[in-house]
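One file, query_25.pdb, is given below (PDB, C-alpha atoms and all ligand atoms).
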```pdb
ATOM      1  CA  MET A   1      59.202  52.278  92.750  1.00  0.00           C
ATOM      2  CA  HIS A   2      60.675  55.491  94.129  1.00  0.00           C
ATOM      3  CA  PRO A   3      64.525  55.425  93.934  1.00  0.00           C
ATOM      4  CA  GLY A   4      66.187  54.397  97.191  1.00  0.00           C
ATOM      5  CA  LEU A   5      62.940  54.444  99.164  1.00  0.00           C
ATOM      6  CA  ALA A   6      63.272  50.987 100.724  1.00  0.00           C
ATOM      7  CA  GLU A   7      66.817  51.740 101.951  1.00  0.00           C
ATOM      8  CA  ASN A   8      65.815  55.200 103.149  1.00  0.00           C
ATOM      9  CA  LEU A   9      62.853  53.786 105.047  1.00  0.00           C
ATOM     10  CA  ALA A  10      65.079  51.193 106.733  1.00  0.00           C
ATOM     11  CA  ALA A  11      67.477  53.964 107.784  1.00  0.00           C
ATOM     12  CA  VAL A  12      64.651  56.157 109.144  1.00  0.00           C
ATOM     13  CA  GLU A  13      63.156  53.182 110.988  1.00  0.00           C
ATOM     14  CA  SER A  14      66.466  52.459 112.647  1.00  0.00           C
ATOM     15  CA  ARG A  15      66.907  56.115 113.657  1.00  0.00           C
ATOM     16  CA  ILE A  16      63.416  56.061 115.203  1.00  0.00           C
ATOM     17  CA  ALA A  17      64.068  52.765 116.975  1.00  0.00           C
ATOM     18  CA  ASP A  18      67.395  54.010 118.375  1.00  0.00           C
ATOM     19  CA  ALA A  19      65.855  57.264 119.575  1.00  0.00           C
ATOM     20  CA  CYS A  20      62.961  55.384 121.223  1.00  0.00           C
ATOM     21  CA  SER A  21      65.288  53.038 123.049  1.00  0.00           C
ATOM     22  CA  ARG A  22      67.517  55.902 124.225  1.00  0.00           C
ATOM     23  CA  ALA A  23      64.433  57.711 125.488  1.00  0.00           C
ATOM     24  CA  GLY A  24      62.974  54.590 127.110  1.00  0.00           C
ATOM     25  CA  ARG A  25      59.936  54.709 124.845  1.00  0.00           C
ATOM     26  CA  ARG A  26      58.217  51.985 122.843  1.00  0.00           C
ATOM     27  CA  ARG A  27      58.473  52.178 119.031  1.00  0.00           C
ATOM     28  CA  GLY A  28      54.684  51.932 118.876  1.00  0.00           C
ATOM     29  CA  GLU A  29      54.335  55.314 120.592  1.00  0.00           C
ATOM     30  CA  VAL A  30      55.726  57.140 117.548  1.00  0.00           C
ATOM     31  CA  THR A  31      53.912  57.367 114.203  1.00  0.00           C
ATOM     32  CA  LEU A  32      56.008  57.834 111.078  1.00  0.00           C
ATOM     33  CA  LEU A  33      54.199  60.322 108.837  1.00  0.00           C
ATOM     34  CA  ALA A  34      55.597  60.233 105.292  1.00  0.00           C
ATOM     35  CA  VAL A  35      55.645  63.776 103.877  1.00  0.00           C
ATOM     36  CA  THR A  36      55.046  63.549 100.137  1.00  0.00           C
ATOM     37  CA  LYS A  37      54.662  67.195  99.132  1.00  0.00           C
ATOM     38  CA  VAL A  38      56.089  67.981  95.688  1.00  0.00           C
ATOM     39  CA  PHE A  39      56.509  64.269  94.873  1.00  0.00           C
ATOM     40  CA  PRO A  40      54.062  62.515  92.531  1.00  0.00           C
ATOM     41  CA  ALA A  41      51.305  60.120  93.599  1.00  0.00           C
ATOM     42  CA  SER A  42      53.630  57.260  92.620  1.00  0.00           C
ATOM     43  CA  ALA A  43      55.785  58.110  95.665  1.00  0.00           C
ATOM     44  CA  ILE A  44      52.749  57.607  97.919  1.00  0.00           C
ATOM     45  CA  LEU A  45      51.968  54.297  96.213  1.00  0.00           C
ATOM     46  CA  ALA A  46      55.579  53.119  96.605  1.00  0.00           C
ATOM     47  CA  ALA A  47      55.596  54.060 100.291  1.00  0.00           C
ATOM     48  CA  TYR A  48      52.249  52.318 100.767  1.00  0.00           C
ATOM     49  CA  ASP A  49      53.684  49.147  99.209  1.00  0.00           C
ATOM     50  CA  LEU A  50      56.463  49.275 101.799  1.00  0.00           C
ATOM     51  CA  GLY A  51      53.869  49.381 104.581  1.00  0.00           C
ATOM     52  CA  LEU A  52      53.516  53.098 105.310  1.00  0.00           C
ATOM     53  CA  ARG A  53      49.936  54.242 105.985  1.00  0.00           C
ATOM     54  CA  GLN A  54      50.175  57.818 107.279  1.00  0.00           C
ATOM     55  CA  PHE A  55      50.897  60.532 104.722  1.00  0.00           C
ATOM     56  CA  GLY A  56      51.371  64.274 105.018  1.00  0.00           C
ATOM     57  CA  GLU A  57      50.711  66.839 102.300  1.00  0.00           C
ATOM     58  CA  ASN A  58      51.163  70.619 102.469  1.00  0.00           C
ATOM     59  CA  TYR A  59      48.906  72.028  99.785  1.00  0.00           C
ATOM     60  CA  VAL A  60      45.209  71.360  99.215  1.00  0.00           C
ATOM     61  CA  GLN A  61      45.460  71.930  95.471  1.00  0.00           C
ATOM     62  CA  GLU A  62      48.461  69.665  95.043  1.00  0.00           C
ATOM     63  CA  PHE A  63      46.791  66.829  96.935  1.00  0.00           C
ATOM     64  CA  GLU A  64      43.563  67.330  95.018  1.00  0.00           C
ATOM     65  CA  ALA A  65      45.423  66.201  91.892  1.00  0.00           C
ATOM     66  CA  LYS A  66      46.942  63.133  93.565  1.00  0.00           C
ATOM     67  CA  ALA A  67      43.878  62.120  95.587  1.00  0.00           C
ATOM     68  CA  PRO A  68      42.081  60.158  92.822  1.00  0.00           C
ATOM     69  CA  LEU A  69      45.141  57.876  92.621  1.00  0.00           C
ATOM     70  CA  VAL A  70      45.619  57.272  96.339  1.00  0.00           C
ATOM     71  CA  ARG A  71      42.456  58.081  98.334  1.00  0.00           C
ATOM     72  CA  GLN A  72      41.055  54.580  97.954  1.00  0.00           C
ATOM     73  CA  LEU A  73      44.108  52.774  99.402  1.00  0.00           C
ATOM     74  CA  PRO A  74      42.736  50.697 102.297  1.00  0.00           C
ATOM     75  CA  GLY A  75      43.928  51.956 105.666  1.00  0.00           C
ATOM     76  CA  ALA A  76      45.771  54.980 104.274  1.00  0.00           C
ATOM     77  CA  CYS A  77      45.343  58.177 106.252  1.00  0.00           C
ATOM     78  CA  PHE A  78      46.083  61.629 104.847  1.00  0.00           C
ATOM     79  CA  HIS A  79      47.129  64.573 106.990  1.00  0.00           C
ATOM     80  CA  LEU A  80      47.196  68.197 105.926  1.00  0.00           C
ATOM     81  CA  ILE A  81      50.370  69.671 107.457  1.00  0.00           C
ATOM     82  CA  GLY A  82      50.560  72.968 105.544  1.00  0.00           C
ATOM     83  CA  HIS A  83      48.791  76.214 106.355  1.00  0.00           C
ATOM     84  CA  LEU A  84      45.081  76.179 105.506  1.00  0.00           C
ATOM     85  CA  GLN A  85      43.230  79.284 104.353  1.00  0.00           C
ATOM     86  CA  SER A  86      39.608  79.284 105.401  1.00  0.00           C
ATOM     87  CA  ASN A  87      38.422  79.630 101.785  1.00  0.00           C
ATOM     88  CA  LYS A  88      39.953  76.187 101.107  1.00  0.00           C
ATOM     89  CA  SER A  89      38.619  74.580 104.276  1.00  0.00           C
ATOM     90  CA  ARG A  90      35.712  72.810 102.596  1.00  0.00           C
ATOM     91  CA  ARG A  91      37.914  71.069 100.044  1.00  0.00           C
ATOM     92  CA  ALA A  92      40.507  70.261 102.727  1.00  0.00           C
ATOM     93  CA  GLY A  93      37.858  68.717 104.959  1.00  0.00           C
ATOM     94  CA  GLU A  94      36.699  66.524 102.094  1.00  0.00           C
ATOM     95  CA  LEU A  95      40.169  65.387 101.039  1.00  0.00           C
ATOM     96  CA  PHE A  96      41.980  64.876 104.345  1.00  0.00           C
ATOM     97  CA  ASP A  97      41.428  62.631 107.368  1.00  0.00           C
ATOM     98  CA  VAL A  98      43.466  64.825 109.717  1.00  0.00           C
ATOM     99  CA  VAL A  99      44.126  68.576 109.629  1.00  0.00           C
ATOM    100  CA  GLN A 100      47.227  69.330 111.712  1.00  0.00           C
ATOM    101  CA  THR A 101      47.266  73.075 111.114  1.00  0.00           C
ATOM    102  CA  VAL A 102      44.154  74.510 112.724  1.00  0.00           C
ATOM    103  CA  ASP A 103      45.194  77.899 114.087  1.00  0.00           C
ATOM    104  CA  SER A 104      41.998  79.926 114.499  1.00  0.00           C
ATOM    105  CA  SER A 105      38.480  79.398 115.777  1.00  0.00           C
ATOM    106  CA  LYS A 106      37.173  80.690 112.435  1.00  0.00           C
ATOM    107  CA  LEU A 107      38.956  77.882 110.609  1.00  0.00           C
ATOM    108  CA  ALA A 108      37.721  75.358 113.185  1.00  0.00           C
ATOM    109  CA  ARG A 109      34.116  76.466 112.669  1.00  0.00           C
ATOM    110  CA  ARG A 110      34.487  76.261 108.884  1.00  0.00           C
ATOM    111  CA  LEU A 111      35.774  72.679 109.148  1.00  0.00           C
ATOM    112  CA  ASP A 112      33.016  71.808 111.607  1.00  0.00           C
ATOM    113  CA  GLU A 113      30.371  72.996 109.135  1.00  0.00           C
ATOM    114  CA  LEU A 114      31.191  70.067 106.857  1.00  0.00           C
ATOM    115  CA  ALA A 115      29.680  67.761 109.490  1.00  0.00           C
ATOM    116  CA  LYS A 116      32.277  65.116 108.655  1.00  0.00           C
ATOM    117  CA  PRO A 117      34.180  63.574 111.581  1.00  0.00           C
ATOM    118  CA  LEU A 118      37.676  65.045 111.410  1.00  0.00           C
ATOM    119  CA  ASP A 119      40.734  64.713 113.633  1.00  0.00           C
ATOM    120  CA  VAL A 120      42.528  67.999 114.110  1.00  0.00           C
ATOM    121  CA  LEU A 121      45.681  69.298 115.713  1.00  0.00           C
ATOM    122  CA  ILE A 122      46.466  72.885 116.573  1.00  0.00           C
ATOM    123  CA  GLU A 123      49.555  74.383 114.979  1.00  0.00           C
ATOM    124  CA  VAL A 124      51.330  76.396 117.665  1.00  0.00           C
ATOM    125  CA  LYS A 125      53.576  79.308 116.832  1.00  0.00           C
ATOM    126  CA  LEU A 126      56.433  79.162 119.328  1.00  0.00           C
ATOM    127  CA  SER A 127      58.817  81.559 117.581  1.00  0.00           C
ATOM    128  CA  PRO A 128      56.786  84.698 116.874  1.00  0.00           C
ATOM    129  CA  GLU A 129      59.535  86.365 114.872  1.00  0.00           C
ATOM    130  CA  GLU A 130      59.936  83.488 112.404  1.00  0.00           C
ATOM    131  CA  ALA A 131      56.717  81.499 112.149  1.00  0.00           C
ATOM    132  CA  LYS A 132      54.094  82.964 109.861  1.00  0.00           C
ATOM    133  CA  HIS A 133      51.245  80.731 110.915  1.00  0.00           C
ATOM    134  CA  GLY A 134      50.033  79.073 114.041  1.00  0.00           C
ATOM    135  CA  CYS A 135      48.253  79.926 117.243  1.00  0.00           C
ATOM    136  CA  ALA A 136      50.188  81.981 119.796  1.00  0.00           C
ATOM    137  CA  PRO A 137      50.589  80.101 123.100  1.00  0.00           C
ATOM    138  CA  GLU A 138      48.571  82.733 124.955  1.00  0.00           C
ATOM    139  CA  ASP A 139      45.621  82.170 122.589  1.00  0.00           C
ATOM    140  CA  LEU A 140      45.723  78.401 122.964  1.00  0.00           C
ATOM    141  CA  PRO A 141      43.184  77.966 125.805  1.00  0.00           C
ATOM    142  CA  ALA A 142      40.493  79.869 123.873  1.00  0.00           C
ATOM    143  CA  LEU A 143      41.159  77.944 120.664  1.00  0.00           C
ATOM    144  CA  ILE A 144      41.061  74.613 122.502  1.00  0.00           C
ATOM    145  CA  ASP A 145      37.672  75.552 123.970  1.00  0.00           C
ATOM    146  CA  ALA A 146      36.408  76.615 120.538  1.00  0.00           C
ATOM    147  CA  ILE A 147      37.470  73.328 118.920  1.00  0.00           C
ATOM    148  CA  ARG A 148      36.072  71.238 121.756  1.00  0.00           C
ATOM    149  CA  ALA A 149      32.743  72.973 121.145  1.00  0.00           C
ATOM    150  CA  CYS A 150      32.714  71.759 117.500  1.00  0.00           C
ATOM    151  CA  PRO A 151      30.765  68.485 117.341  1.00  0.00           C
ATOM    152  CA  SER A 152      32.472  67.193 114.160  1.00  0.00           C
ATOM    153  CA  LEU A 153      36.025  67.896 115.280  1.00  0.00           C
ATOM    154  CA  ARG A 154      38.123  65.719 117.555  1.00  0.00           C
ATOM    155  CA  LEU A 155      41.078  67.587 118.990  1.00  0.00           C
ATOM    156  CA  ALA A 156      43.994  65.134 119.082  1.00  0.00           C
ATOM    157  CA  GLY A 157      46.961  67.323 119.935  1.00  0.00           C
ATOM    158  CA  LEU A 158      49.437  69.994 118.954  1.00  0.00           C
ATOM    159  CA  MET A 159      51.953  70.445 116.143  1.00  0.00           C
ATOM    160  CA  THR A 160      54.820  72.844 115.693  1.00  0.00           C
ATOM    161  CA  MET A 161      57.666  73.673 113.377  1.00  0.00           C
ATOM    162  CA  PRO A 162      60.749  75.242 115.003  1.00  0.00           C
ATOM    163  CA  PRO A 163      62.825  77.838 113.115  1.00  0.00           C
ATOM    164  CA  TRP A 164      64.960  76.139 110.488  1.00  0.00           C
ATOM    165  CA  SER A 165      68.465  75.111 111.499  1.00  0.00           C
ATOM    166  CA  ASP A 166      70.913  72.495 110.181  1.00  0.00           C
ATOM    167  CA  ASP A 167      71.659  71.451 113.708  1.00  0.00           C
ATOM    168  CA  PRO A 168      68.922  69.451 115.517  1.00  0.00           C
ATOM    169  CA  GLU A 169      69.729  70.723 119.007  1.00  0.00           C
ATOM    170  CA  PRO A 170      68.210  74.237 118.656  1.00  0.00           C
ATOM    171  CA  SER A 171      64.810  72.550 118.099  1.00  0.00           C
ATOM    172  CA  ARG A 172      64.828  71.024 121.578  1.00  0.00           C
ATOM    173  CA  PRO A 173      63.442  73.969 123.593  1.00  0.00           C
ATOM    174  CA  TYR A 174      60.556  74.338 121.100  1.00  0.00           C
ATOM    175  CA  PHE A 175      59.696  70.652 121.348  1.00  0.00           C
ATOM    176  CA  ARG A 176      59.874  70.785 125.131  1.00  0.00           C
ATOM    177  CA  ARG A 177      57.574  73.802 125.224  1.00  0.00           C
ATOM    178  CA  LEU A 178      55.043  72.102 122.933  1.00  0.00           C
ATOM    179  CA  ARG A 179      54.991  69.081 125.199  1.00  0.00           C
ATOM    180  CA  GLN A 180      54.397  71.244 128.274  1.00  0.00           C
ATOM    181  CA  LEU A 181      51.460  72.912 126.528  1.00  0.00           C
ATOM    182  CA  ALA A 182      49.994  69.553 125.463  1.00  0.00           C
ATOM    183  CA  ASP A 183      50.371  68.126 128.977  1.00  0.00           C
ATOM    184  CA  ARG A 184      48.658  71.142 130.493  1.00  0.00           C
ATOM    185  CA  HIS A 185      45.640  70.644 128.235  1.00  0.00           C
ATOM    186  CA  ASN A 186      45.555  66.835 128.314  1.00  0.00           C
ATOM    187  CA  LEU A 187      46.270  66.448 124.623  1.00  0.00           C
ATOM    188  CA  PRO A 188      47.854  63.103 123.670  1.00  0.00           C
ATOM    189  CA  GLN A 189      49.358  63.779 120.227  1.00  0.00           C
ATOM    190  CA  LEU A 190      52.518  65.805 119.629  1.00  0.00           C
ATOM    191  CA  SER A 191      53.387  66.283 115.961  1.00  0.00           C
ATOM    192  CA  MET A 192      57.001  67.431 116.004  1.00  0.00           C
ATOM    193  CA  GLY A 193      60.283  66.403 114.418  1.00  0.00           C
ATOM    194  CA  MET A 194      61.362  66.282 110.782  1.00  0.00           C
ATOM    195  CA  SER A 195      64.195  64.596 108.873  1.00  0.00           C
ATOM    196  CA  HIS A 196      67.003  66.460 110.603  1.00  0.00           C
ATOM    197  CA  ASP A 197      65.718  66.557 114.176  1.00  0.00           C
ATOM    198  CA  LEU A 198      63.538  63.472 114.688  1.00  0.00           C
ATOM    199  CA  GLU A 199      65.802  62.081 117.445  1.00  0.00           C
ATOM    200  CA  VAL A 200      65.547  65.255 119.524  1.00  0.00           C
ATOM    201  CA  ALA A 201      61.761  65.294 118.950  1.00  0.00           C
ATOM    202  CA  ILE A 202      61.366  61.685 120.119  1.00  0.00           C
ATOM    203  CA  GLU A 203      63.489  62.399 123.193  1.00  0.00           C
ATOM    204  CA  GLU A 204      61.127  65.279 123.981  1.00  0.00           C
ATOM    205  CA  GLY A 205      57.971  63.194 123.591  1.00  0.00           C
ATOM    206  CA  SER A 206      56.954  63.382 119.939  1.00  0.00           C
ATOM    207  CA  THR A 207      54.183  60.978 118.898  1.00  0.00           C
ATOM    208  CA  ILE A 208      54.193  61.924 115.183  1.00  0.00           C
ATOM    209  CA  VAL A 209      57.400  62.596 113.250  1.00  0.00           C
ATOM    210  CA  ARG A 210      56.882  64.209 109.829  1.00  0.00           C
ATOM    211  CA  ILE A 211      59.562  62.896 107.480  1.00  0.00           C
ATOM    212  CA  GLY A 212      60.061  63.986 103.870  1.00  0.00           C
ATOM    213  CA  THR A 213      63.679  64.344 102.731  1.00  0.00           C
ATOM    214  CA  ALA A 214      65.060  61.363 104.659  1.00  0.00           C
ATOM    215  CA  LEU A 215      62.543  59.092 102.875  1.00  0.00           C
ATOM    216  CA  PHE A 216      62.093  60.569  99.410  1.00  0.00           C
ATOM    217  CA  GLY A 217      65.275  62.587  98.903  1.00  0.00           C
ATOM    218  CA  SER A 218      65.769  66.262  98.255  1.00  0.00           C
ATOM    219  CA  ARG A 219      62.878  68.343  96.925  1.00  0.00           C
ATOM    220  CA  LYS A 220      65.279  70.786  95.279  1.00  0.00           C
ATOM    221  CA  GLY A 221      64.644  71.067  91.586  1.00  0.00           C
ATOM    222  CA  LEU A 222      61.119  69.688  91.961  1.00  0.00           C
ATOM    223  CA  LEU A 223      59.608  72.836  93.427  1.00  0.00           C
TER     224      LEU A 223
HETATM  225  C1  LIG B   1      58.101  69.625 104.377  1.00  0.00           C
HETATM  226  C2  LIG B   1      57.625  69.457 105.763  1.00  0.00           C
HETATM  227  C3  LIG B   1      58.085  68.408 106.577  1.00  0.00           C
HETATM  228  C4  LIG B   1      59.148  67.422 106.142  1.00  0.00           C
HETATM  229  O1  LIG B   1      60.395  68.022 106.185  1.00  0.00           O
HETATM  230  P1  LIG B   1      61.740  67.199 105.849  1.00  0.00           P
HETATM  231  O2  LIG B   1      62.803  68.072 106.388  1.00  0.00           O
HETATM  232  O3  LIG B   1      61.786  67.035 104.370  1.00  0.00           O
HETATM  233  O4  LIG B   1      61.643  65.899 106.557  1.00  0.00           O
HETATM  234  C5  LIG B   1      57.543  68.286 107.849  1.00  0.00           C
HETATM  235  N1  LIG B   1      56.618  69.148 108.305  1.00  0.00           N
HETATM  236  C6  LIG B   1      56.152  70.161 107.564  1.00  0.00           C
HETATM  237  C7  LIG B   1      55.130  71.061 108.128  1.00  0.00           C
HETATM  238  C8  LIG B   1      56.659  70.355 106.274  1.00  0.00           C
HETATM  239  O5  LIG B   1      56.215  71.399 105.556  1.00  0.00           O
END
```
Write the structure described by the file as structure tokens, please.
Ligand SMILES: *Cc1c(COP(=O)(O)O)cnc(C)c1O
Amino acid sequence: MHPGLAENLAAVESRIADACSRAGRRRGEVTLLAVTKVFPASAILAAYDLGLRQFGENYVQEFEAKAPLVRQLPGACFHLIGHLQSNKSRRAGELFDVVQTVDSSKLARRLDELAKPLDVLIEVKLSPEEAKHGCAPEDLPALIDAIRACPSLRLAGLMTMPPWSDDPEPSRPYFRRLRQLADRHNLPQLSMGMSHDLEVAIEEGSTIVRIGTALFGSRKGLL
């Protein structure tokens, strides 16, 4: 059992429920993705025992080591939420059910070559000066067309990561912009919101909140 996880999960659930009711949304519209990067496979197993089924990992190599312990869990779904280099795309496509960080047509074609049905999201870079990875908004239409032309890929939506700030409010314009882009292209899933800004994300239409620290505690000292 991961220390404090049950209490942390209850607290996160109540934050999500409060945000949904303030925003006039149903709880079922928002998926809680448990971000387990840096933590051992036992953290995934503990979260699974508490009913969580959607998990996010950042690094292909790190998840490769945990996968033998968790891949067989019935109903569990694993999302890659960290940047993916195309030379690791084959392994990523084998290990993950969802890749949230597609940001080039080259990467999309590499994933498509595996001929395994894969849900993907496009990572959008909304703050050019700070984000290292992601598709620029002006390149989005071409990338959407490229992914829609890949028979093995199903484009589910968009994800983004605003510049880091302690305060949740500065994230709002980024979340709003992502939603506008998703609406324009008829994409249902919006992966946005982390431990410190999930309420703002839900108010702005998030359908997937990616929560690490608020569930598993600080990663400091584990890195
Ligand atoms: C680490 C990470 C998260 C989780 O962040 P917390 O602040 O710990 O909730 C979410 N999304 C991405 C892309 C991450 O790398």
Inset, instruction - Evaluate the PyMOL selection byres (((not hetatm)) within 9 of (chain B and resi 1)) and record the selected residues as a VMD selection string, following the chain and residue labels used in the document. - result: chain A and resid 33 to 37 56 to 58 80 to 83 100 to 101 159 to 161 191 to 198 209 to 219
Legend entry - Among listed residues A:Ala115, A:Ala146, A:Val30, A:Ala11, nearest Gln189 in chain A (using only C-alpha atoms):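 Answer, going by the shortest atom-to-atom distance: A:Val30.
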Legend entry - Shortest interatomic distance to Pro188 in chain A - which of A:Arg154, A:Lys116, A:His79, A:Lys132, counting all atoms listed in the file: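 Residue with the minimum atom-to-atom distance to Pro188 in chain A: A:Arg154.
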Legend entry - Between CA of Ser104 in chain A and CA of Ser89 in chain A, distance in Å (one decimal):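 Between these atoms lies a distance of 12.0 Å.
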Legend entry - 12 Å contact set for Pro173 in chain A, only C-alpha atoms, chain neighbours under 3 positions out, as number ranges by chain: A: 126-127, 160-163, 168-170, 176-180, 192, 200-201, 203-204
Inset, instruction - Tell me which of A:Phe175, A:Asp139, A:Asp119, A:Leu95 sits closest to Glu199 in chain A, counting all atoms listed in the file. - result: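 For Glu199 in chain A, the nearest of the candidates is A:Phe175.
In this structure, CA of Glu94 in chain A sits 8.1 Å away from CA of Leu114 in chain A.
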Legend entry - Residues matched by the PyMOL selection byres (((chain A and resi 122) around 10) and not hetatm) as a PyMOL selection string: chain A and resi 99-104+108+120-121+123-125+134-135+140+143-144+147+155-160+190-191
Inset, instruction - For range 66-73 of chain A, work out the shell of residues within 9 Å, counting all atoms listed in the file and skipping chain neighbours fewer than 3 positions away, then give it as a list in words. - result: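 With the cut-off at 9 Å, the set is Pro40, Ala41, Ser42, Ile44, Leu45, Tyr48, Arg53, Glu62, Phe63, Ala76, Cys77, Phe78 and Leu95 of chain A.
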Legend entry - Counting all atoms listed in the file, the residue of A:Lys88, A:Asp112, A:Gly51, A:Leu118 that sits nearest Glu13 in chain A: A:Gly51
Legend entry - Residue among A:Ala142, A:Leu32, A:Ile16, A:Ile208 lying closest to Ala47 in chain A, counting all atoms listed in the file: A:Leu32
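The coordinates place CA of Asn8 in chain A at 14.1 Å from CA of Asp49 in chain A.
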